[in-house]
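Engineer: My questions all concern the structure below.
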Amino acid sequence: MLNNIFDHLTVIKNTGDRTPFYKYKLDYIFNRLGLSEETIQHFYTHLNQLTKDQTEIEASHIHDFIVQFLEEHDLEDQKQQYLKAQQDDINRFKKATDVKSSIEKLFNRNDRVVHENANKDSNVFNTQRDLEAGAASRAIGLQMLPPLVAKAHLRGDIHWHDLDYSPATPETNCCLVDFAEMLNNGFKIGNAEVKSPRSIQTATAQVSQIIANVASLQYGGLSFDRADQVLAPFAKINYEKHLKTAEQWVAADKREDFAKDRTKQDIFDAMQSLEYEINTLYSSQGQTPFTTVSFGLGTSWIEKEIQKDILKIRIKGLGKERRTAIFPKLIYVLKKGLNLKPNDPNYDVKELAVDCATKRMYPDILMYDKLCEITGDFKAPMGCRSFLPKWTDENGKAVNAGRMNLGVVTVNLPRIALLAHGDMDLFWSIFAEKLNIVHQAMAYRIERTKEAKPDNAPLLYEYGAFGKRLKSTDSVDELFRNERATVSLGYIGLYEVGTEFFGPDWESNPKAHDFTVSIVAELNRLCRVWSKESGYHYSLYSTPAESLTDTFAQDDIRKFGKVKDITDKEYYTNSFHYDVRKRPNPFEKLSFEEAYPHYASAGFIHYCEYPNLKQNPKALEAVWDWAYDHVGYLGTNTSIDKCYKCGFKGEFEATARGFKCPQCGNHDPKYCDVVKRTCGYLGNPQARPMVHGRHVEISSRKKNMSKGMVNDVAHEETAKQSKA
């Protein structure tokens, strides 16, 4: 009866912002105070009498009225509890925006940020320096953000990603580097003018330098798309040099074989050097650059050789112990008529990719036709999962290389569901409120990023990494506007939302599935509206949530307590994924998930969990083949841990302190190689521990294939191919 009696009221915040009157916020406060339903109704009746002739009310007046009401009803304990909660909120914001306090917290090692990024080793000096600078930047950034946005971030309603870099600096997030433009036209780094390379070895050396510098000028991942096709012309230069040499020293009928053999060795050496260089780089952020290399579409013998060597080198492993390389992330492209079936010309490369994935988890797989359907045309993700929409320049040419993302803001969907407490109408009302704040945050991200100058990041803006070469006097907005760049709305925890409304096993309920899809569809609709209004591309992104899976869950444990199958897990489920504690087979899991990326096309990836696949690669290939017509982007999670004390190979056991060898109990990172997928990228949690929630989530993952099913699927696939 009282749900809508305050719809006429606008609340004027202390910051001057105006918002509708949200009754659910007072309901939450009164329930936390333990007031009876009768007392709550009595409060609303009095408040209605006070405001029925008003259209606006100041937030401070509502606060005063609550205090007065509690006093008049002899609820002194509840009044003190309420005032303490209000003061705690004020103190929290004050402390979070205090630079000195933030740095002291980090120095005392009380800041969870030391484990937020599984790619950062907080023991080394350059990482420590970055963390110190980041602590100051977060405090400054919160002061810069619009007040509603800053408070929503601190309270856990939304998450402003990478606060340690943005908005204190107007850096961009992730990108598809235009390597072809830079390698063909030259560039400048520091004092060096770099000319176009004249060999595959020099080309890959330049690529590693570009990666190191781009990673230091932005805060997200970067990708080398179509690496085989971009590098092939430089390997061809090697081939032509070897042919010339052969003309002098080799018999005519053997010259081509001589040149090919020498070129193949050059390609292998160059790709091996690139693998080692990337894994030994440190960016200015104190981490190995988040790098992705995509390949697989090339058809010439040189392009195929590059593809094969990338895979062979990854299979071989790093160093004397042949450890799994964490970077670069490898992405292999499947395409009908090219490499999908045994009769296809590049099928032998696909077989090598399958073998590599069983041993090293990478490569992940892009399904060419499905990806074109979802995103508009083919391209690799920027970093681990962020995809660009199709975009054409003034000449009608499709452009992907050189485009970028301006940042991400993620909404806490499980919190909205918990606040709605089973009321679907209230869910959509709170949803609209939180998305208004997200919109304000994303619009600010755009405006802040536009304040950069080309000479703030010369390699990005002036020397081709972003596809166009601007003058120092040009506006960086030339590369952002007209929807060339993206800014991303992220979301997390559809599983938890479905659980609040339909119970923990809702995945098999079509009505529940449709409801969660409708949430993603509405987020997509809002992005399209905002894009049309602004001229910048707002895009929907399935947040990887490396640390956010923990952050939001901990925020909501404080707010709601341990709610069964929602907060009591101590993590939130990544974006649209099936509950990791369950055991659907790969086909069931992917069928359930395949609808969501059609709305969240700006960022997504699917995974399946497997036992050891090394003896049965055909089982993995069968999943890839089936998935080709269902999903655009698929990763492999399988057991590849190794113990160098006892020789165990398989899956380490999860413990409270990390992971240990099930055979000898070894957990020393010096003597074991533990590789897990933290989100889009792989990580080594023994060497670089992750946040608590992510550790629990990884430990909770169940296999989507039993060993018996792996064998059955492998036999079926082998029989099918033999028959073909």
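Every chain in the structure tokens has a letter given in the order shown (A, B, ...), and although residue numbers restart at 1 in each chain, ligands are simply numbered from 1 in the order shown.
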Pull the closest atom pair for each residue of segment 440-515 of chain A that gets at most 8 Å from segment 399-406 of chain A, along with the distance in Å to one decimal, counting only C-alpha atoms, ordering rows by chain and then ascending residue number, as a Markdown table.
Structural biologist:
```
| residue | atom | partner | partner_atom | distance |
| --- | --- | --- | --- | --- |
| A:Arg445 | CA | A:Leu406 | CA | 6.9 |
| A:Ile446 | CA | A:Leu406 | CA | 6.6 |
| A:Thr449 | CA | A:Leu406 | CA | 6.9 |
| A:Gly464 | CA | A:Gly402 | CA | 7.5 |
| A:Ala465 | CA | A:Gly402 | CA | 5.8 |
| A:Phe466 | CA | A:Gly402 | CA | 3.7 |
| A:Gly467 | CA | A:Gly402 | CA | 4.0 |
| A:Lys468 | CA | A:Gly402 | CA | 7.4 |
| A:Leu479 | CA | A:Arg403 | CA | 7.6 |
| A:Arg484 | CA | A:Arg403 | CA | 6.7 |
| A:Ala485 | CA | A:Met404 | CA | 5.2 |
| A:Thr486 | CA | A:Asn405 | CA | 4.7 |
| A:Val487 | CA | A:Leu406 | CA | 5.0 |
| A:Ser488 | CA | A:Asn405 | CA | 7.5 |
```
Engineer: Next, the residues of the selection above should be written as an mmCIF file, in the first residue's frame with N, CA, C and O atoms.
Structural biologist:
```cif
data_model
loop_
_atom_site.group_PDB
_atom_site.id
_atom_site.type_symbol
_atom_site.label_atom_id
_atom_site.label_comp_id
_atom_site.auth_asym_id
_atom_site.auth_seq_id
_atom_site.Cartn_x
_atom_site.Cartn_y
_atom_site.Cartn_z
ATOM 1 N N ARG A 445 34.236 8.744 -17.513
ATOM 2 C CA ARG A 445 35.422 8.053 -18.035
ATOM 3 C C ARG A 445 35.782 8.606 -19.408
ATOM 4 O O ARG A 445 36.952 8.857 -19.712
ATOM 5 N N ILE A 446 34.781 8.786 -20.243
ATOM 6 C CA ILE A 446 35.035 9.304 -21.588
ATOM 7 C C ILE A 446 35.653 10.693 -21.508
ATOM 8 O O ILE A 446 36.685 10.977 -22.134
ATOM 9 N N THR A 449 39.267 10.714 -20.191
ATOM 10 C CA THR A 449 40.234 10.158 -21.144
ATOM 11 C C THR A 449 40.515 11.145 -22.266
ATOM 12 O O THR A 449 41.640 11.211 -22.784
ATOM 13 N N GLY A 464 51.559 5.423 -34.223
ATOM 14 C CA GLY A 464 50.843 4.386 -34.927
ATOM 15 C C GLY A 464 50.195 3.270 -34.152
ATOM 16 O O GLY A 464 49.446 2.486 -34.721
ATOM 17 N N ALA A 465 50.460 3.103 -32.845
ATOM 18 C CA ALA A 465 49.863 1.984 -32.105
ATOM 19 C C ALA A 465 48.346 2.039 -32.139
ATOM 20 O O ALA A 465 47.670 0.998 -32.183
ATOM 21 N N PHE A 466 47.798 3.265 -32.133
ATOM 22 C CA PHE A 466 46.353 3.441 -32.196
ATOM 23 C C PHE A 466 45.850 3.685 -33.618
ATOM 24 O O PHE A 466 44.752 4.195 -33.826
ATOM 25 N N GLY A 467 46.662 3.326 -34.615
ATOM 26 C CA GLY A 467 46.186 3.288 -35.992
ATOM 27 C C GLY A 467 46.284 4.575 -36.778
ATOM 28 O O GLY A 467 46.338 4.536 -38.003
ATOM 29 N N LYS A 468 46.283 5.714 -36.106
ATOM 30 C CA LYS A 468 46.443 7.011 -36.765
ATOM 31 C C LYS A 468 47.596 7.743 -36.099
ATOM 32 O O LYS A 468 47.823 7.586 -34.894
ATOM 33 N N LEU A 479 40.413 9.799 -32.125
ATOM 34 C CA LEU A 479 40.487 8.342 -32.090
ATOM 35 C C LEU A 479 39.372 7.710 -31.266
ATOM 36 O O LEU A 479 39.241 6.480 -31.262
ATOM 37 N N ARG A 484 34.416 5.057 -32.548
ATOM 38 C CA ARG A 484 35.632 4.314 -32.905
ATOM 39 C C ARG A 484 36.182 3.557 -31.698
ATOM 40 O O ARG A 484 36.652 2.423 -31.817
ATOM 41 N N ALA A 485 36.161 4.195 -30.530
ATOM 42 C CA ALA A 485 36.565 3.545 -29.282
ATOM 43 C C ALA A 485 35.327 3.011 -28.569
ATOM 44 O O ALA A 485 34.193 3.338 -28.924
ATOM 45 N N THR A 486 35.555 2.183 -27.558
ATOM 46 C CA THR A 486 34.450 1.699 -26.737
ATOM 47 C C THR A 486 34.668 2.103 -25.290
ATOM 48 O O THR A 486 35.798 2.313 -24.849
ATOM 49 N N VAL A 487 33.574 2.221 -24.549
ATOM 50 C CA VAL A 487 33.626 2.320 -23.091
ATOM 51 C C VAL A 487 32.638 1.276 -22.594
ATOM 52 O O VAL A 487 31.540 1.143 -23.150
ATOM 53 N N SER A 488 33.013 0.502 -21.581
ATOM 54 C CA SER A 488 32.283 -0.734 -21.302
ATOM 55 C C SER A 488 31.516 -0.721 -19.987
ATOM 56 O O SER A 488 32.044 -0.337 -18.943
#
```
Engineer: To one decimal place, how far is atom CA of Trp624 of chain A from atom CA of Phe327 of chain A in Å?
Structural biologist: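 For atom CA of Trp624 of chain A relative to atom CA of Phe327 of chain A, the distance reads 22.5 Å.
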Engineer: With distances taken over only C-alpha atoms, which residue among A:Lys702, A:Lys569, A:His537, A:Lys707 lies nearest Leu613 of chain A?
Structural biologist: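 Checking each candidate against Leu613 of chain A, we get A:Lys707 as the closest.
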Engineer: Any idea what the distance is between atom CA of Arg138 of chain A and atom CA of Lys100 of chain A?
Structural biologist: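 So the two atoms, atom CA of Arg138 of chain A and atom CA of Lys100 of chain A, lie 11.5 Å apart.
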Engineer: According to DSSP computed on the backbone, where in segment 214-319 of chain A is there alpha helix (DSSP H)? Give the residues as a ChimeraX atom specification.
Structural biologist: /A:214-217,227-249,255-280,301-316
Engineer: What does the distance from atom CA of Tyr596 of chain A to atom CA of Leu176 of chain A come to in Å, to one decimal?
Structural biologist: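 Between atom CA of Tyr596 of chain A and atom CA of Leu176 of chain A the gap is 23.6 Å.
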Engineer: I need the residue nearest Ser508 of chain A from this list: A:Leu540, A:Cys679, A:Ser472, A:Phe592. Use only C-alpha atoms for the distance.
Structural biologist: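 Counting only C-alpha atoms, the residue closest to Ser508 of chain A is A:Phe592.
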Engineer: Among segment 157-285 of chain A, which residues does DSSP mark as strand (DSSP E or B) when it is run on the backbone? Keep the chain and numbering as in the structure and answer as a PyMOL selection string.
Structural biologist: chain A and resi 158-160+175-176+187-189+192-194+222-224
Engineer: Fewer than 5 positions away in the same chain doesn't count, so skip those; otherwise give me all residues within 8 Å of Leu297 of chain A, counting only C-alpha atoms, as a short mmCIF file (atom, residue, chain, number, x, y, z; two decimals) with all heavy atoms, in the first residue's frame.
Structural biologist:
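What ended up in result.cif:
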```
data_model
loop_
_atom_site.label_atom_id
_atom_site.label_comp_id
_atom_site.auth_asym_id
_atom_site.auth_seq_id
_atom_site.Cartn_x
_atom_site.Cartn_y
_atom_site.Cartn_z
N ARG A 226 46.15 -11.42 -35.83
CA ARG A 226 46.64 -11.94 -37.11
C ARG A 226 48.17 -11.91 -37.16
O ARG A 226 48.78 -11.49 -38.15
CB ARG A 226 46.06 -11.13 -38.28
CG ARG A 226 44.53 -11.13 -38.32
CD ARG A 226 44.02 -10.22 -39.42
NE ARG A 226 42.57 -10.07 -39.40
CZ ARG A 226 41.72 -10.73 -40.19
NH1 ARG A 226 42.19 -11.60 -41.07
NH2 ARG A 226 40.43 -10.52 -40.12
N ASP A 228 50.41 -14.15 -37.53
CA ASP A 228 51.04 -14.90 -38.62
C ASP A 228 51.04 -14.11 -39.92
O ASP A 228 52.04 -14.08 -40.66
CB ASP A 228 50.34 -16.25 -38.81
CG ASP A 228 48.82 -16.14 -38.88
OD1 ASP A 228 48.25 -15.14 -38.38
OD2 ASP A 228 48.18 -17.06 -39.43
N GLN A 229 49.94 -13.42 -40.20
CA GLN A 229 49.84 -12.66 -41.44
C GLN A 229 50.65 -11.37 -41.39
O GLN A 229 51.21 -10.94 -42.40
CB GLN A 229 48.36 -12.36 -41.73
CG GLN A 229 47.56 -13.63 -42.02
CD GLN A 229 46.06 -13.40 -42.00
OE1 GLN A 229 45.48 -13.06 -40.97
NE2 GLN A 229 45.42 -13.57 -43.14
N VAL A 333 42.48 -19.45 -34.39
CA VAL A 333 41.22 -19.22 -35.09
C VAL A 333 40.81 -20.47 -35.86
O VAL A 333 41.59 -21.01 -36.65
CB VAL A 333 41.34 -18.04 -36.08
CG1 VAL A 333 39.96 -17.74 -36.70
CG2 VAL A 333 41.90 -16.80 -35.39
N LYS A 335 38.19 -21.93 -38.69
CA LYS A 335 37.37 -21.43 -39.79
C LYS A 335 37.01 -22.56 -40.73
O LYS A 335 37.88 -23.34 -41.14
CB LYS A 335 38.09 -20.32 -40.56
CG LYS A 335 37.22 -19.64 -41.61
CD LYS A 335 37.98 -18.54 -42.33
CE LYS A 335 37.06 -17.85 -43.36
NZ LYS A 335 37.78 -16.82 -44.12
N LEU A 338 39.03 -24.01 -43.87
CA LEU A 338 40.45 -23.71 -43.69
C LEU A 338 41.14 -24.75 -42.82
O LEU A 338 42.19 -25.29 -43.19
CB LEU A 338 40.63 -22.32 -43.08
CG LEU A 338 42.07 -21.90 -42.74
CD1 LEU A 338 42.91 -21.82 -44.02
CD2 LEU A 338 42.10 -20.58 -41.99
#
```
Engineer: Which is closer to Ser216 of chain A than all the others in A:Asn482, A:Thr97, A:Asn456, A:Ser137, using only C-alpha atoms?
Structural biologist: A:Asn456
Engineer: Excluding same-chain residues fewer than 2 positions from segment 356-361 of chain A, what lies within 8 Å of it counting only C-alpha atoms, as a PDB file with N, CA and C atoms, in the first residue's frame?
Structural biologist:
```pdb
ATOM      1  N   LEU A 311      52.929 -22.700 -31.638  1.00  0.00           N
ATOM      2  CA  LEU A 311      52.384 -23.820 -30.864  1.00  0.00           C
ATOM      3  C   LEU A 311      53.490 -24.751 -30.364  1.00  0.00           C
ATOM      4  N   LYS A 312      54.461 -25.063 -31.222  1.00  0.00           N
ATOM      5  CA  LYS A 312      55.554 -25.952 -30.816  1.00  0.00           C
ATOM      6  C   LYS A 312      56.360 -25.360 -29.663  1.00  0.00           C
ATOM      7  N   ARG A 314      55.294 -23.184 -27.460  1.00  0.00           N
ATOM      8  CA  ARG A 314      54.494 -23.222 -26.232  1.00  0.00           C
ATOM      9  C   ARG A 314      54.474 -24.628 -25.650  1.00  0.00           C
ATOM     10  N   ILE A 315      54.332 -25.632 -26.478  1.00  0.00           N
ATOM     11  CA  ILE A 315      54.343 -27.013 -25.989  1.00  0.00           C
ATOM     12  C   ILE A 315      55.667 -27.331 -25.306  1.00  0.00           C
ATOM     13  N   THR A 324      55.103 -23.990 -17.967  1.00  0.00           N
ATOM     14  CA  THR A 324      54.086 -23.414 -18.840  1.00  0.00           C
ATOM     15  C   THR A 324      54.226 -21.900 -18.873  1.00  0.00           C
ATOM     16  N   ALA A 325      54.325 -21.358 -20.064  1.00  0.00           N
ATOM     17  CA  ALA A 325      54.390 -19.901 -20.214  1.00  0.00           C
ATOM     18  C   ALA A 325      53.023 -19.292 -19.908  1.00  0.00           C
ATOM     19  N   LEU A 352      47.780 -29.665 -34.065  1.00  0.00           N
ATOM     20  CA  LEU A 352      48.843 -29.198 -33.178  1.00  0.00           C
ATOM     21  C   LEU A 352      48.271 -28.277 -32.091  1.00  0.00           C
ATOM     22  N   ALA A 353      47.277 -27.470 -32.452  1.00  0.00           N
ATOM     23  CA  ALA A 353      46.630 -26.583 -31.477  1.00  0.00           C
ATOM     24  C   ALA A 353      45.902 -27.384 -30.402  1.00  0.00           C
ATOM     25  N   VAL A 354      45.232 -28.450 -30.803  1.00  0.00           N
ATOM     26  CA  VAL A 354      44.556 -29.318 -29.838  1.00  0.00           C
ATOM     27  C   VAL A 354      45.579 -29.928 -28.880  1.00  0.00           C
ATOM     28  N   PRO A 363      46.194 -22.937 -26.866  1.00  0.00           N
ATOM     29  CA  PRO A 363      45.467 -21.721 -27.214  1.00  0.00           C
ATOM     30  C   PRO A 363      43.982 -21.805 -26.877  1.00  0.00           C
ATOM     31  N   ASP A 364      43.388 -20.634 -26.577  1.00  0.00           N
ATOM     32  CA  ASP A 364      41.942 -20.499 -26.618  1.00  0.00           C
ATOM     33  C   ASP A 364      41.532 -20.431 -28.085  1.00  0.00           C
ATOM     34  N   ASN A 612      42.754 -34.499 -16.965  1.00  0.00           N
ATOM     35  CA  ASN A 612      43.912 -34.570 -17.855  1.00  0.00           C
ATOM     36  C   ASN A 612      43.497 -35.087 -19.236  1.00  0.00           C
ATOM     37  N   LEU A 613      43.816 -34.305 -20.274  1.00  0.00           N
ATOM     38  CA  LEU A 613      43.395 -34.638 -21.634  1.00  0.00           C
ATOM     39  C   LEU A 613      44.543 -35.115 -22.522  1.00  0.00           C
ATOM     40  N   LYS A 614      45.743 -35.209 -21.978  1.00  0.00           N
ATOM     41  CA  LYS A 614      46.913 -35.449 -22.831  1.00  0.00           C
ATOM     42  C   LYS A 614      46.821 -36.760 -23.607  1.00  0.00           C
ATOM     43  N   PRO A 617      43.375 -36.259 -26.875  1.00  0.00           N
ATOM     44  CA  PRO A 617      43.118 -34.952 -27.491  1.00  0.00           C
ATOM     45  C   PRO A 617      41.872 -34.930 -28.371  1.00  0.00           C
ATOM     46  N   LEU A 620      38.869 -33.312 -26.732  1.00  0.00           N
ATOM     47  CA  LEU A 620      38.854 -31.852 -26.774  1.00  0.00           C
ATOM     48  C   LEU A 620      38.471 -31.363 -28.168  1.00  0.00           C
ATOM     49  N   GLY A 635      37.628 -21.331 -24.140  1.00  0.00           N
ATOM     50  CA  GLY A 635      38.877 -21.640 -23.460  1.00  0.00           C
ATOM     51  C   GLY A 635      38.867 -23.038 -22.876  1.00  0.00           C
ATOM     52  N   THR A 636      40.052 -23.581 -22.680  1.00  0.00           N
ATOM     53  CA  THR A 636      40.225 -24.929 -22.130  1.00  0.00           C
ATOM     54  C   THR A 636      40.847 -24.834 -20.745  1.00  0.00           C
ATOM     55  N   ASN A 637      40.183 -25.398 -19.751  1.00  0.00           N
ATOM     56  CA  ASN A 637      40.752 -25.517 -18.411  1.00  0.00           C
ATOM     57  C   ASN A 637      40.993 -26.992 -18.133  1.00  0.00           C
ATOM     58  N   THR A 638      42.235 -27.386 -17.992  1.00  0.00           N
ATOM     59  CA  THR A 638      42.557 -28.792 -17.777  1.00  0.00           C
ATOM     60  C   THR A 638      43.710 -28.921 -16.791  1.00  0.00           C
ATOM     61  N   ILE A 640      47.175 -29.466 -15.647  1.00  0.00           N
ATOM     62  CA  ILE A 640      48.540 -29.482 -16.190  1.00  0.00           C
ATOM     63  C   ILE A 640      49.589 -29.133 -15.132  1.00  0.00           C
TER      64      ILE A 640
END
```
Engineer: Taking only residues of segment 123-236 of chain A that have an atom at most 8 Å from an atom of segment 421-444 of chain A, what is each one's shortest atom pair and its distance in Å to one decimal, using only C-alpha atoms, in chain and number order, as a tab-separated table?
Structural biologist:
```
residue	atom	partner	partner_atom	distance
A:Leu145	CA	A:Tyr444	CA	7.7
A:Pro146	CA	A:Ala441	CA	7.5
A:Leu148	CA	A:Ile437	CA	6.9
A:Val149	CA	A:Ala441	CA	5.9
A:Ala152	CA	A:Ile437	CA	7.8
A:Asp157	CA	A:Lys434	CA	7.2
A:Ile158	CA	A:Val438	CA	7.1
A:Trp160	CA	A:Ala441	CA	7.8
```
Engineer: If you count only C-alpha atoms, which residues fall within 8 Å of Ala235 of chain A, apart from same-chain ones fewer than 3 positions away, as an MDAnalysis selection string?
Structural biologist: chainID A and resid 199:200 231:232 238:239 263 266:267 302
Engineer: For segment 378-383 of chain A, please output as a PyMOL selection string all residues within 7 Å (counting only C-alpha atoms; exclusion window: fewer than 5 positions along the same chain).
Structural biologist: chain A and resi 174-176+221-223+225+290-292+294+368+371-372+400
Engineer: Give me a file of those residues, with C-alpha atoms, as a compact mmCIF listing (two decimals), in the first residue's frame.
Structural biologist:
```
# COMPACT_ATOMS: atom_id res chain seq x y z
CA CYS A 174 43.00 -2.11 -23.55
CA CYS A 175 43.64 -2.11 -27.30
CA LEU A 176 44.36 -3.94 -30.53
CA GLY A 221 45.65 -5.82 -21.98
CA LEU A 222 46.92 -5.56 -25.56
CA SER A 223 46.62 -7.89 -28.51
CA ASP A 225 45.89 -9.82 -34.00
CA PHE A 290 48.94 -8.66 -20.41
CA THR A 291 49.56 -9.76 -23.99
CA THR A 292 47.46 -11.81 -26.40
CA SER A 294 46.03 -14.32 -32.21
CA TYR A 368 35.35 -17.38 -37.11
CA LEU A 371 32.33 -14.40 -33.88
CA CYS A 372 31.42 -12.49 -37.05
CA ASN A 400 39.87 -3.02 -35.97
```
Engineer: Report as JSON, numbers by chain all protein, DNA and RNA residues lying within 12 Å of Gly503 of chain A, evaluated on only C-alpha atoms, omitting residues in the same chain fewer than 3 positions from it.
Structural biologist: {"A": [422, 495, 496, 497, 498, 499, 500, 506, 507, 508, 509, 512, 513, 563, 564, 565, 566]}
Engineer: Counting only C-alpha atoms, which residue out of A:Leu35, A:Val691, A:Ala135, A:Leu217 sits closest to Ala452 of chain A?
Structural biologist: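 Under the stated criterion, the closest residue is A:Leu217.
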